[in-house]
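One structure is given here, and the rest of the page talks about it.
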Amino acid sequence: MRKKLLVLISILMIGLLAFTACETKTAPEGGDAPAGDLPLIGVTIYKYDDNFMSFVRRNIEKNAEGKANLIMNDSQNDQAKQNDQVDTMISKGVTALAINLVDPQAASAIIAKAQAADLPVIFFNKEPSAADLNSYEKAWYVGTTSAESGVMEGQIVVDAWKAHPEWDKNGDGIIQYVLLKGEPGHPDAEARTTFVIQTVNEAGIQTEELELQTGMWDSAKAKDLMDNWYAKHGDAIEFVIANNDAMALGAIASLKANGFFGADGKFMPVVGVDAIPDALAAIKNGELVGSVLNDAANQGLATFELALNAALGNDPLAGTKWTFDANKSVRVPYVGITLENIQIAEDSYAE
Ligand code: GAL
Ligand code: CA
């Protein structure tokens, strides 16, 4: 009886371990070397439950096939949990780390762990401060130039507004907008919020902010905000600007429940960033004015290639098409997406 209980407990514990850190053993190409000979790379994603990051993750996994074994972790939006995951991966013998921070300010804690184990670390998507990156010679970043996405989103707003004088519902020449912000303190959220409005203003269009709150990149949170804002402001809202597509789609869901995008032709312009497949579908059916391609395919590829090189003790850029800026960072370009050039985003997200 006691033995049976022990067996049961160990099965449960193995199950639990497998649940918290799932190790992807990939078969080597050609099958000549056993999978165990491939380098072991430790990866964290700040939370699996993030639309855009699920595409980056898939691209890292796809590129690792036959080239490396990954320990892939869901940090569940908990920095303390991520720190523990990094300790566990180091004790399992990873030779490089690829870290999507939960808190962009937490890079120094991860760097301290990497440095103590003499391990290279590639941060991706959540940009650490320049001071943190420069504090350790084996730390690098893969991401984007955050401001670029705000400028491109702003340009989409400008072009669409100029083409549709009827969107100025109160006829005052000013865009009355609501803005769904991403995670406060996240470089992408801060830069997009600033630059989208700055770009519209610099094009000579005045703006009036009716609401600005964080929806934490999340569809459901954005839908709740939009429900409240529409109840409060109604048709005084002339534009919905979102820091990402997940939130733009949440706003669209709320607007639909309020009679928009239906048979009677009630319309509200909404813009987002990421150009994820669901957003591309919304552009095609006229519910989303445009988005900005956040290139998950190339960010996943660059993250993996740098991590693999680092794991093998090579120069992180060896044999790749990437270059570093002055701040040890690979910057994958954004592309503004509307119906006219939607193919670019569709190709990028095609599996
Ligand atoms: C941004 C992206 C958001 C969210 C965030 C997570 O680059 O646009 O949708 O995924 O990263 O850090
Ligand atoms: Ca107006």
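We label chains A, B, ... in the order they appear in the structure tokens, count residues from 1 in each chain, and number ligands from 1 in the order shown.
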
Residue neighbourhood A:Asp245, 8 Å, only C-alpha atoms, exclusion window fewer than 2 positions, as an NGL selection string: :A and (242-243 or 247-249 or 271-276 or 279 or 291)

Contacts of ligand 2, 8 Å or closer, only C-alpha atoms and all ligand atoms, given as a PyMOL selection string: chain A and resi 167-176+236+238

Polymer residues at most 12 Å from A:Lys223, only C-alpha atoms, same-chain spacing of 4 or more positions, as a list in words: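 Near A:Lys223, the qualifying residues are Leu180, Thr214, Gly215, Met216, Trp217, Asp218, Ser219, Asp227, Asn228, Trp229, Tyr230, Val240, Ala242, Ala246, Met247, Ala248, Leu249, Gly250, Ala251, Ile252, Ala253, Ser254, Leu255, Lys256, Ala257 and Asn258 of chain A.
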
Sel. of alpha helix (DSSP H) residues, stretch 28-111 of chain A, as a PyMOL selection string: chain A and resi 51-64+79-91+107-111

Distance limit 6 Å, reference ligand 1, atoms considered: only C-alpha atoms and all ligand atoms. Which residues make the cut? Give them as a CSV table (one decimal) with all heavy atoms, in the first residue's frame.
```
chain,number,residue,atom,x,y,z
A,50,ASP,N,-0.2,35.3,-24.3
A,50,ASP,CA,0.0,36.6,-25.0
A,50,ASP,C,0.0,36.3,-26.4
A,50,ASP,O,0.8,35.5,-26.9
A,50,ASP,CB,1.3,37.2,-24.5
A,50,ASP,CG,1.6,38.5,-25.3
A,50,ASP,OD1,1.8,38.5,-26.5
A,50,ASP,OD2,1.6,39.6,-24.7
A,52,PHE,N,0.7,37.8,-29.4
A,52,PHE,CA,1.9,38.0,-30.2
A,52,PHE,C,3.0,37.1,-29.8
A,52,PHE,O,3.7,36.5,-30.6
A,52,PHE,CB,2.3,39.5,-30.2
A,52,PHE,CG,3.6,39.7,-30.8
A,52,PHE,CD1,3.8,39.7,-32.2
A,52,PHE,CD2,4.7,40.0,-30.0
A,52,PHE,CE1,5.0,39.9,-32.7
A,52,PHE,CE2,6.0,40.2,-30.6
A,52,PHE,CZ,6.1,40.2,-31.9
A,53,MET,N,3.3,37.0,-28.5
A,53,MET,CA,4.4,36.2,-28.0
A,53,MET,C,4.3,34.7,-28.4
A,53,MET,O,5.2,34.0,-28.5
A,53,MET,CB,4.6,36.3,-26.5
A,53,MET,CG,5.2,37.7,-26.1
A,53,MET,SD,6.6,38.2,-27.1
A,53,MET,CE,7.8,36.9,-26.8
A,125,ASN,N,12.3,40.8,-27.0
A,125,ASN,CA,10.9,41.5,-26.9
A,125,ASN,C,10.8,42.5,-25.8
A,125,ASN,O,10.2,43.5,-26.0
A,125,ASN,CB,9.8,40.4,-26.8
A,125,ASN,CG,8.5,41.0,-26.5
A,125,ASN,OD1,8.1,40.9,-25.3
A,125,ASN,ND2,7.8,41.6,-27.4
A,126,LYS,N,11.2,42.2,-24.6
A,126,LYS,CA,11.1,43.2,-23.5
A,126,LYS,C,12.5,43.8,-23.3
A,126,LYS,O,13.4,43.1,-22.8
A,126,LYS,CB,10.6,42.6,-22.2
A,126,LYS,CG,9.1,42.1,-22.4
A,126,LYS,CD,8.3,42.5,-21.2
A,126,LYS,CE,7.0,41.7,-21.2
A,126,LYS,NZ,6.2,41.9,-20.0
A,188,ASP,N,7.8,49.3,-25.6
A,188,ASP,CA,6.9,49.4,-26.7
A,188,ASP,C,5.7,50.2,-26.4
A,188,ASP,O,5.2,51.0,-27.2
A,188,ASP,CB,6.5,48.0,-27.1
A,188,ASP,CG,7.6,47.2,-27.8
A,188,ASP,OD1,8.6,47.8,-28.2
A,188,ASP,OD2,7.4,45.9,-27.9
A,217,TRP,N,-2.0,44.8,-22.8
A,217,TRP,CA,-1.9,44.0,-24.1
A,217,TRP,C,-3.0,43.0,-24.3
A,217,TRP,O,-2.9,42.2,-25.2
A,217,TRP,CB,-0.5,43.2,-24.1
A,217,TRP,CG,0.7,44.0,-23.9
A,217,TRP,CD1,1.7,43.7,-22.9
A,217,TRP,CD2,1.3,45.0,-24.7
A,217,TRP,NE1,2.7,44.6,-23.1
A,217,TRP,CE2,2.6,45.4,-24.2
A,217,TRP,CE3,0.9,45.7,-25.9
A,217,TRP,CZ2,3.4,46.3,-24.7
A,217,TRP,CZ3,1.7,46.7,-26.4
A,217,TRP,CH2,2.9,47.0,-25.8
A,244,ASN,N,-1.6,47.5,-29.3
A,244,ASN,CA,-1.4,46.2,-30.0
A,244,ASN,C,-2.8,45.7,-30.6
A,244,ASN,O,-3.8,46.3,-30.3
A,244,ASN,CB,-0.7,45.2,-29.1
A,244,ASN,CG,-1.7,44.5,-28.1
A,244,ASN,OD1,-2.7,45.1,-27.8
A,244,ASN,ND2,-1.2,43.4,-27.6
A,273,VAL,N,-1.3,47.3,-33.5
A,273,VAL,CA,0.1,47.0,-33.9
A,273,VAL,C,0.2,45.5,-33.7
A,273,VAL,O,-0.3,44.9,-32.7
A,273,VAL,CB,1.1,47.7,-32.9
A,273,VAL,CG1,2.5,47.3,-33.2
A,273,VAL,CG2,1.0,49.2,-33.1
A,274,ASP,N,1.0,44.9,-34.5
A,274,ASP,CA,1.5,43.4,-34.5
A,274,ASP,C,1.1,42.8,-35.8
A,274,ASP,O,1.9,42.0,-36.3
A,274,ASP,CB,0.9,42.6,-33.4
A,274,ASP,CG,1.5,42.8,-32.0
A,274,ASP,OD1,2.6,43.4,-31.9
A,274,ASP,OD2,0.9,42.5,-31.0
```

Nearest-residue call for A:Ile60, choices A:Ala98, A:Ala231, A:Ala112, A:Val86, using only C-alpha atoms: A:Ala98

One-decimal distance in Å that lies between atom CA of A:Gly290 and atom CA of A:Ile205: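 According to the coordinates, atom CA of A:Ile205 and atom CA of A:Gly290 are separated by 18.4 Å.
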
Using only C-alpha atoms, which protein or nucleic acid residues come within 12 Å of A:Ala80? Drop anything in the same chain fewer than 2 positions from it, and give the result as a short mmCIF file (atom, residue, chain, number, x, y, z; two decimals) with C-alpha atoms, in the first residue's frame.
```
data_model
loop_
_atom_site.label_atom_id
_atom_site.label_comp_id
_atom_site.auth_asym_id
_atom_site.auth_seq_id
_atom_site.Cartn_x
_atom_site.Cartn_y
_atom_site.Cartn_z
CA TYR A 46 6.85 36.17 -20.08
CA SER A 75 6.78 32.56 -16.71
CA GLN A 76 3.05 33.24 -16.20
CA ASN A 77 3.62 36.98 -15.88
CA ASP A 78 5.47 36.43 -12.59
CA GLN A 82 10.93 33.46 -13.96
CA ASN A 83 13.94 33.93 -11.67
CA ASP A 84 13.36 30.43 -10.27
CA GLN A 85 13.00 29.02 -13.79
CA VAL A 86 16.38 30.52 -14.70
CA ASP A 87 17.98 28.89 -11.63
CA LEU A 101 11.54 39.22 -19.23
CA VAL A 102 8.32 39.61 -17.30
CA ASP A 103 9.45 42.96 -15.94
CA ALA A 106 14.41 42.85 -13.89
CA ALA A 109 18.71 39.96 -11.60
CA ILE A 110 18.85 37.62 -14.59
#
```

Atomic distance atom CA of A:His186 - atom CA of A:Asn63, expressed in Å with one decimal: 26.7 Å

Closest of A:Pro128, A:Thr207, A:Asp347, A:Leu119 to A:Ile237 - atom-to-atom distances counting only C-alpha atoms: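 When distances to A:Ile237 are compared using only C-alpha atoms, the smallest one comes from A:Thr207.
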
Please report as JSON lines every residue of stretch 259-328 of chain A lying within 12 Å of stretch 158-161 of chain A, along with the nearest atom pair and their distance in Å (one decimal), using only C-alpha atoms.
```
{"residue": "A:Met268", "atom": "CA", "partner": "A:Trp161", "partner_atom": "CA", "distance": 11.5}
{"residue": "A:Pro269", "atom": "CA", "partner": "A:Ala160", "partner_atom": "CA", "distance": 8.7}
{"residue": "A:Val270", "atom": "CA", "partner": "A:Ala160", "partner_atom": "CA", "distance": 10.5}
{"residue": "A:Val271", "atom": "CA", "partner": "A:Ala160", "partner_atom": "CA", "distance": 10.2}
{"residue": "A:Leu288", "atom": "CA", "partner": "A:Ala160", "partner_atom": "CA", "distance": 11.2}
{"residue": "A:Val289", "atom": "CA", "partner": "A:Ala160", "partner_atom": "CA", "distance": 7.5}
{"residue": "A:Gly290", "atom": "CA", "partner": "A:Ala160", "partner_atom": "CA", "distance": 9.1}
```

Contact residues around A:Met89 with only C-alpha atoms at 9 Å, ignoring same-chain residues under 4 positions, as a list in words: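 The residues that qualify are Ile41, Gly42, Val43, Ile71, Asp84, Gln85, Gly93, Val94 and Leu97 of chain A.
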
List as a PDB file with N, CA and C atoms, in the first residue's frame the protein and nucleic acid residues near A:Asp118, meaning an atom at most 10 Å away when only C-alpha atoms are counted, but skip any in the same chain fewer than 6 places from it.
```pdb
ATOM      1  N   THR A  95      23.488  25.915 -21.959  1.00  0.00           N
ATOM      2  CA  THR A  95      24.721  26.637 -22.293  1.00  0.00           C
ATOM      3  C   THR A  95      24.423  28.034 -22.830  1.00  0.00           C
ATOM      4  N   ALA A  96      23.137  28.389 -22.929  1.00  0.00           N
ATOM      5  CA  ALA A  96      22.750  29.770 -23.248  1.00  0.00           C
ATOM      6  C   ALA A  96      21.328  29.991 -22.756  1.00  0.00           C
ATOM      7  N   ILE A 111      20.845  38.854 -15.264  1.00  0.00           N
ATOM      8  CA  ILE A 111      22.253  38.975 -15.646  1.00  0.00           C
ATOM      9  C   ILE A 111      23.156  38.470 -14.516  1.00  0.00           C
ATOM     10  N   ALA A 112      22.815  38.781 -13.287  1.00  0.00           N
ATOM     11  CA  ALA A 112      23.630  38.315 -12.153  1.00  0.00           C
ATOM     12  C   ALA A 112      23.705  36.783 -12.143  1.00  0.00           C
ATOM     13  N   LYS A 138      28.398  39.334 -22.050  1.00  0.00           N
ATOM     14  CA  LYS A 138      27.684  38.250 -22.740  1.00  0.00           C
ATOM     15  C   LYS A 138      26.169  38.437 -22.710  1.00  0.00           C
TER      16      LYS A 138
END
```

Expected answer as a VMD selection string: strand (DSSP E or B) residues in stretch 119-251 of chain A: chain A and resid 121 to 124 139 to 143 174 to 181 206 to 214 239 to 242

Shortest interatomic distance to A:Leu212 - which of A:Lys181, A:Arg192, A:Lys67, A:His233, counting only C-alpha atoms: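 Result for the nearest residue to A:Leu212: A:Lys181.
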
12 Å contact set for stretch 323-326 of chain A, only C-alpha atoms, chain neighbours under 2 positions out, as number ranges by chain: A: 130, 133-134, 140-145, 302, 306, 315-321, 328-332

Okay, now the selection with N, CA and C atoms, as a PDB file, in the first residue's frame?
```
ATOM      1  N   ALA A 130      19.885  50.166 -21.327  1.00  0.00           N
ATOM      2  CA  ALA A 130      21.229  50.128 -21.905  1.00  0.00           C
ATOM      3  C   ALA A 130      22.248  49.837 -20.810  1.00  0.00           C
ATOM      4  N   LEU A 133      22.283  46.097 -20.132  1.00  0.00           N
ATOM      5  CA  LEU A 133      22.918  45.350 -21.222  1.00  0.00           C
ATOM      6  C   LEU A 133      24.433  45.530 -21.205  1.00  0.00           C
ATOM      7  N   ASN A 134      24.856  46.758 -20.921  1.00  0.00           N
ATOM      8  CA  ASN A 134      26.295  47.040 -20.945  1.00  0.00           C
ATOM      9  C   ASN A 134      27.020  46.529 -19.710  1.00  0.00           C
ATOM     10  N   TRP A 140      22.906  40.334 -24.722  1.00  0.00           N
ATOM     11  CA  TRP A 140      22.496  41.001 -25.961  1.00  0.00           C
ATOM     12  C   TRP A 140      20.974  41.091 -26.007  1.00  0.00           C
ATOM     13  N   TYR A 141      20.471  41.857 -26.980  1.00  0.00           N
ATOM     14  CA  TYR A 141      19.010  42.015 -27.100  1.00  0.00           C
ATOM     15  C   TYR A 141      18.562  41.817 -28.541  1.00  0.00           C
ATOM     16  N   VAL A 142      17.417  41.179 -28.717  1.00  0.00           N
ATOM     17  CA  VAL A 142      16.751  41.084 -30.021  1.00  0.00           C
ATOM     18  C   VAL A 142      15.353  41.682 -29.876  1.00  0.00           C
ATOM     19  N   GLY A 143      15.044  42.676 -30.702  1.00  0.00           N
ATOM     20  CA  GLY A 143      13.714  43.287 -30.624  1.00  0.00           C
ATOM     21  C   GLY A 143      13.492  44.212 -31.800  1.00  0.00           C
ATOM     22  N   THR A 144      12.926  45.349 -31.505  1.00  0.00           N
ATOM     23  CA  THR A 144      12.584  46.307 -32.547  1.00  0.00           C
ATOM     24  C   THR A 144      13.006  47.693 -32.074  1.00  0.00           C
ATOM     25  N   THR A 145      12.814  48.694 -32.930  1.00  0.00           N
ATOM     26  CA  THR A 145      12.933  50.079 -32.485  1.00  0.00           C
ATOM     27  C   THR A 145      11.506  50.503 -32.149  1.00  0.00           C
ATOM     28  N   ALA A 302      16.008  35.447 -35.172  1.00  0.00           N
ATOM     29  CA  ALA A 302      17.211  36.129 -34.660  1.00  0.00           C
ATOM     30  C   ALA A 302      17.497  35.692 -33.225  1.00  0.00           C
ATOM     31  N   LEU A 306      21.068  33.825 -32.445  1.00  0.00           N
ATOM     32  CA  LEU A 306      22.042  34.400 -31.511  1.00  0.00           C
ATOM     33  C   LEU A 306      22.274  33.468 -30.325  1.00  0.00           C
ATOM     34  N   ASP A 315      30.814  33.842 -31.948  1.00  0.00           N
ATOM     35  CA  ASP A 315      30.317  35.216 -31.961  1.00  0.00           C
ATOM     36  C   ASP A 315      28.803  35.127 -32.183  1.00  0.00           C
ATOM     37  N   PRO A 316      27.980  35.864 -31.433  1.00  0.00           N
ATOM     38  CA  PRO A 316      26.523  35.699 -31.558  1.00  0.00           C
ATOM     39  C   PRO A 316      25.989  35.956 -32.966  1.00  0.00           C
ATOM     40  N   LEU A 317      26.686  36.771 -33.751  1.00  0.00           N
ATOM     41  CA  LEU A 317      26.193  37.093 -35.097  1.00  0.00           C
ATOM     42  C   LEU A 317      26.779  36.182 -36.180  1.00  0.00           C
ATOM     43  N   ALA A 318      27.688  35.287 -35.814  1.00  0.00           N
ATOM     44  CA  ALA A 318      28.405  34.470 -36.799  1.00  0.00           C
ATOM     45  C   ALA A 318      27.440  33.762 -37.756  1.00  0.00           C
ATOM     46  N   GLY A 319      27.673  33.949 -39.060  1.00  0.00           N
ATOM     47  CA  GLY A 319      26.890  33.249 -40.077  1.00  0.00           C
ATOM     48  C   GLY A 319      25.444  33.699 -40.187  1.00  0.00           C
ATOM     49  N   THR A 320      25.084  34.826 -39.581  1.00  0.00           N
ATOM     50  CA  THR A 320      23.694  35.299 -39.664  1.00  0.00           C
ATOM     51  C   THR A 320      23.630  36.577 -40.499  1.00  0.00           C
ATOM     52  N   LYS A 321      22.389  37.010 -40.808  1.00  0.00           N
ATOM     53  CA  LYS A 321      22.207  38.252 -41.565  1.00  0.00           C
ATOM     54  C   LYS A 321      22.032  39.453 -40.634  1.00  0.00           C
ATOM     55  N   LYS A 328      24.336  46.851 -28.651  1.00  0.00           N
ATOM     56  CA  LYS A 328      24.344  45.376 -28.600  1.00  0.00           C
ATOM     57  C   LYS A 328      22.972  44.777 -28.896  1.00  0.00           C
ATOM     58  N   SER A 329      22.215  45.448 -29.766  1.00  0.00           N
ATOM     59  CA  SER A 329      20.851  44.995 -30.040  1.00  0.00           C
ATOM     60  C   SER A 329      20.607  44.776 -31.528  1.00  0.00           C
ATOM     61  N   VAL A 330      19.919  43.679 -31.826  1.00  0.00           N
ATOM     62  CA  VAL A 330      19.426  43.440 -33.182  1.00  0.00           C
ATOM     63  C   VAL A 330      18.027  44.045 -33.244  1.00  0.00           C
ATOM     64  N   ARG A 331      17.784  44.907 -34.222  1.00  0.00           N
ATOM     65  CA  ARG A 331      16.473  45.578 -34.349  1.00  0.00           C
ATOM     66  C   ARG A 331      15.787  45.095 -35.637  1.00  0.00           C
ATOM     67  N   VAL A 332      14.723  44.350 -35.488  1.00  0.00           N
ATOM     68  CA  VAL A 332      13.968  43.872 -36.652  1.00  0.00           C
ATOM     69  C   VAL A 332      12.972  44.973 -37.041  1.00  0.00           C
TER      70      VAL A 332
END
```

From A:Ile90, A:Val121, A:Ile241, A:Val196, residue lying nearest A:Leu210 [only C-alpha atoms]: A:Ile241

Separation of atom CA of A:Gly182 from atom CA of A:Ile344 in Å: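 That distance, rounded to one decimal, is 24.5 Å.
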